[in-house]
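Written below as structure tokens is the structure these notes are about.
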Amino acid sequence: MPTKTNKKNGIFILLTTLLFITASSCQSQQTKNINAGTTALTALKYIYLTFDDGPLNGSENIDSVILAERLKISVFLVGEHAEKSKILGNYYKMYEQNPFVESYNHSFTHANNKYALFYSNPPNVLADILKNEQLLNLRYKIVRLPGRNMWRIGDRKRDDGVSGSVAADLLAKNGYKLYGWDLEWRHNGKDGTPIQSVDEMTKEIDSRLETGNSFTKDHVVILIHDEMFQKKWEESELKQLIERLRLHPNYVFEQIRFYPNK
Ligand SMILES: [Zn+2]
């Protein structure tokens with residue numbers, strides 16, 4: 001027969017158990033919330049829109065889209081273009097004054113578009129990069145080699161199978177970081193018309209970020225050329241692409257300087 005003390009003990013054990021269950025469920029809810037927070041953080045995906053070969057006709061339209069959209073981009077500039085005419089010189093200044101644009105090095109001569117010859121002389125490549133850096137007052141030792149998709153970041157490197165590897169190593173030894181690209185928005189060389197539609201580009205970017213098919217997972221570098229945007233910005237595919245990508249709340253537009261170093 002249960003005594004009074006036994007009954008009391010029984011009630012005490014029952015209450016303690018109930019309290020324990022409640023506390024555990026609260027804790028697991030908290031853990032869940034923390035996990036959800038972490039998941040949201042790790043789900044951030046970074047897009048680097050990089051524009052090569054400016055200043056050129058088209059740079060002025062990129063400049064105004066970027067100002068209106070307030071979006072961070074990177075431009076890889078060619079000094080020889082900035083010196084070619086007063087208009088192009090002004091486009092370079094426009095980029096310099098745009099707070100959303102960061103300027104990096106794409107060489108002074110763009111190899112005169114004779115890449116094999118250019119890369120056969122690595123010290124000359126270094127001198128060309130240095131000349132561009134001084135002429136354009138470039139603040140960062142960040143380079144995209146003309147005509148080559150080469151990467152040199154810390155211990156990580158990638159060549160594109162064509163000449164240029166020795167020159168790239170020499171630049172890295174001199175403190176330069178080299179950035180290639182994961183995906184190019186190609187264009188018709190005659191009139192600058194984009195080859196892939198905005199829809200195709202959006203799908204490809206989504207897929208690269210989803211599958212991790214890029215030099216660094218969750219980071220995708222897009223190569224675009226200034227001469228693609230010779231139309232008025234209101235009509236431009238660039239604005240449409242930006243609008244489409246911005247539908248994803250976890251996509252972040254960043255400048256190359258902030259690309260992971262390891
Ligand atoms: Zn180029």
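Here, A, B, ... name the chains of the structure tokens in the order displayed, residue numbers run from 1 inside each chain, and ligands are numbered from 1 in the same displayed order.
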
Query raised in the report: So which residues touch range 47-53 of chain A within 7 Å, counting only C-alpha atoms, skipping near sequence neighbours fewer than 5 positions away, as an MDAnalysis selection string?
Result: chainID A and resid 73:78 219:226 251:256

Report task. Write out as a ChimeraX atom specification each polymer residue whose atoms come within 8 Å of Met201 in chain A, counting only C-alpha atoms; drop sequence neighbours fewer than 4 positions from it. Result -> /A:185,196-197,205,241

Query raised in the report: Leaving out Trp151 in chain A and any residue of its chain fewer than 4 positions from it, which residues lie within 8 Å of it when counting only C-alpha atoms, given as a PyMOL selection string?
Result: chain A and resi 156-159+177-180

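For the atom pair formed by CA of Ser120 in chain A and CA of Met150 in chain A, the distance is 15.5 Å, given to one decimal.
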
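Nearest residue to Glu102 in chain A, choosing from A:Glu83, A:Leu138, A:Ala43, A:Glu133 and counting only C-alpha atoms: A:Leu138.
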
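Between ligand 1 and the candidates A:Pro99, A:Gly161, A:Gly54, A:Gly154, the tightest atom-to-atom separation, counting only C-alpha atoms and all ligand atoms, involves A:Gly54.
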
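Shortest separation to Glu60 in chain A among A:Asp128, A:Glu80, A:Glu227, A:Glu237 occurs at residue A:Glu227, atoms counted being only C-alpha atoms.
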
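For the pair CA of Pro146 in chain A and CA of His110 in chain A, the interatomic distance is 5.4 Å.
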
Requested in this report: Based on DSSP run over this structure's backbone, return all residues of range 85-165 of chain A in strand (DSSP E or B), as number ranges by chain.
Outcome: A: 101-105, 142-143, 151-153, 156-158

Requested in this report: Name the residues of range 50-261 of chain A that come out as alpha helix (DSSP H) in a backbone DSSP run; write them as a PyMOL selection string.
Outcome: chain A and resi 59-69+79-84+86-97+115-119+122-135+165-173+198-211+237-245

Dump as an mmCIF file, in the first residue's frame, selection limited to C-alpha atoms:
```
data_model
loop_
_atom_site.group_PDB
_atom_site.id
_atom_site.type_symbol
_atom_site.label_atom_id
_atom_site.label_comp_id
_atom_site.auth_asym_id
_atom_site.auth_seq_id
_atom_site.Cartn_x
_atom_site.Cartn_y
_atom_site.Cartn_z
ATOM 1 C CA SER A 59 31.423 52.158 -70.503
ATOM 2 C CA GLU A 60 29.161 55.227 -70.126
ATOM 3 C CA ASN A 61 26.048 53.009 -70.181
ATOM 4 C CA ILE A 62 27.483 50.575 -67.643
ATOM 5 C CA ASP A 63 28.374 53.541 -65.440
ATOM 6 C CA SER A 64 24.810 54.907 -65.472
ATOM 7 C CA VAL A 65 23.139 51.498 -64.909
ATOM 8 C CA ILE A 66 25.412 50.867 -61.938
ATOM 9 C CA LEU A 67 24.764 54.305 -60.442
ATOM 10 C CA ALA A 68 21.009 53.910 -60.850
ATOM 11 C CA GLU A 69 20.968 50.347 -59.522
ATOM 12 C CA GLY A 79 45.383 52.169 -70.064
ATOM 13 C CA GLU A 80 45.908 52.482 -73.781
ATOM 14 C CA HIS A 81 42.143 52.916 -74.279
ATOM 15 C CA ALA A 82 42.030 55.690 -71.656
ATOM 16 C CA GLU A 83 44.729 57.531 -73.591
ATOM 17 C CA LYS A 84 43.166 57.009 -77.023
ATOM 18 C CA LYS A 86 39.251 62.611 -74.761
ATOM 19 C CA ILE A 87 35.874 60.830 -74.634
ATOM 20 C CA LEU A 88 37.404 57.539 -73.483
ATOM 21 C CA GLY A 89 39.557 59.431 -70.968
ATOM 22 C CA ASN A 90 36.348 60.923 -69.578
ATOM 23 C CA TYR A 91 34.752 57.466 -69.306
ATOM 24 C CA TYR A 92 37.732 56.398 -67.196
ATOM 25 C CA LYS A 93 37.153 59.423 -64.917
ATOM 26 C CA MET A 94 33.449 58.523 -64.735
ATOM 27 C CA TYR A 95 34.357 55.087 -63.415
ATOM 28 C CA GLU A 96 36.773 56.644 -60.938
ATOM 29 C CA GLN A 97 34.023 58.879 -59.552
ATOM 30 C CA TYR A 115 48.788 36.960 -76.971
ATOM 31 C CA ALA A 116 51.375 34.260 -77.775
ATOM 32 C CA LEU A 117 54.002 36.931 -78.473
ATOM 33 C CA PHE A 118 53.081 38.917 -75.362
ATOM 34 C CA TYR A 119 53.299 35.926 -73.021
ATOM 35 C CA PRO A 122 57.174 37.424 -68.948
ATOM 36 C CA PRO A 123 59.265 40.444 -67.752
ATOM 37 C CA ASN A 124 57.568 42.502 -70.452
ATOM 38 C CA VAL A 125 54.154 41.375 -69.168
ATOM 39 C CA LEU A 126 55.112 42.521 -65.665
ATOM 40 C CA ALA A 127 56.336 45.883 -67.025
ATOM 41 C CA ASP A 128 53.089 46.355 -68.975
ATOM 42 C CA ILE A 129 51.004 45.670 -65.855
ATOM 43 C CA LEU A 130 53.141 48.068 -63.815
ATOM 44 C CA LYS A 131 52.833 50.799 -66.442
ATOM 45 C CA ASN A 132 49.040 50.464 -66.376
ATOM 46 C CA GLU A 133 48.976 50.528 -62.581
ATOM 47 C CA GLN A 134 50.906 53.807 -62.497
ATOM 48 C CA LEU A 135 49.064 55.475 -65.374
ATOM 49 C CA SER A 165 51.660 30.407 -67.065
ATOM 50 C CA VAL A 166 55.244 31.652 -66.487
ATOM 51 C CA ALA A 167 54.149 35.287 -66.756
ATOM 52 C CA ALA A 168 51.291 34.606 -64.325
ATOM 53 C CA ASP A 169 53.717 33.068 -61.815
ATOM 54 C CA LEU A 170 56.039 36.061 -62.157
ATOM 55 C CA LEU A 171 53.165 38.447 -61.417
ATOM 56 C CA ALA A 172 52.129 36.357 -58.394
ATOM 57 C CA LYS A 173 55.731 36.452 -57.145
ATOM 58 C CA VAL A 198 19.091 37.330 -70.120
ATOM 59 C CA ASP A 199 17.076 34.197 -69.374
ATOM 60 C CA GLU A 200 19.937 31.874 -70.351
ATOM 61 C CA MET A 201 22.450 33.879 -68.321
ATOM 62 C CA THR A 202 20.227 33.874 -65.228
ATOM 63 C CA LYS A 203 19.705 30.109 -65.444
ATOM 64 C CA GLU A 204 23.433 29.473 -65.905
ATOM 65 C CA ILE A 205 24.351 31.651 -62.909
ATOM 66 C CA ASP A 206 21.684 29.941 -60.748
ATOM 67 C CA SER A 207 22.972 26.541 -61.797
ATOM 68 C CA ARG A 208 26.653 27.374 -61.126
ATOM 69 C CA LEU A 209 25.774 28.609 -57.639
ATOM 70 C CA GLU A 210 23.583 25.612 -56.934
ATOM 71 C CA THR A 211 26.022 22.932 -58.114
ATOM 72 C CA GLU A 237 20.047 43.527 -71.030
ATOM 73 C CA LEU A 238 22.373 44.360 -68.151
ATOM 74 C CA LYS A 239 19.577 46.066 -66.228
ATOM 75 C CA GLN A 240 17.275 43.102 -66.881
ATOM 76 C CA LEU A 241 19.914 40.629 -65.697
ATOM 77 C CA ILE A 242 20.459 42.600 -62.485
ATOM 78 C CA GLU A 243 16.701 42.718 -61.837
ATOM 79 C CA ARG A 244 16.395 38.959 -62.334
ATOM 80 C CA LEU A 245 19.313 38.144 -60.038
#
```

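Our summary of the geometry notes that atom 1 (Zn, counted along the ligand's line) of ligand 1 is positioned 8.4 Å from CA of Arg148 in chain A.
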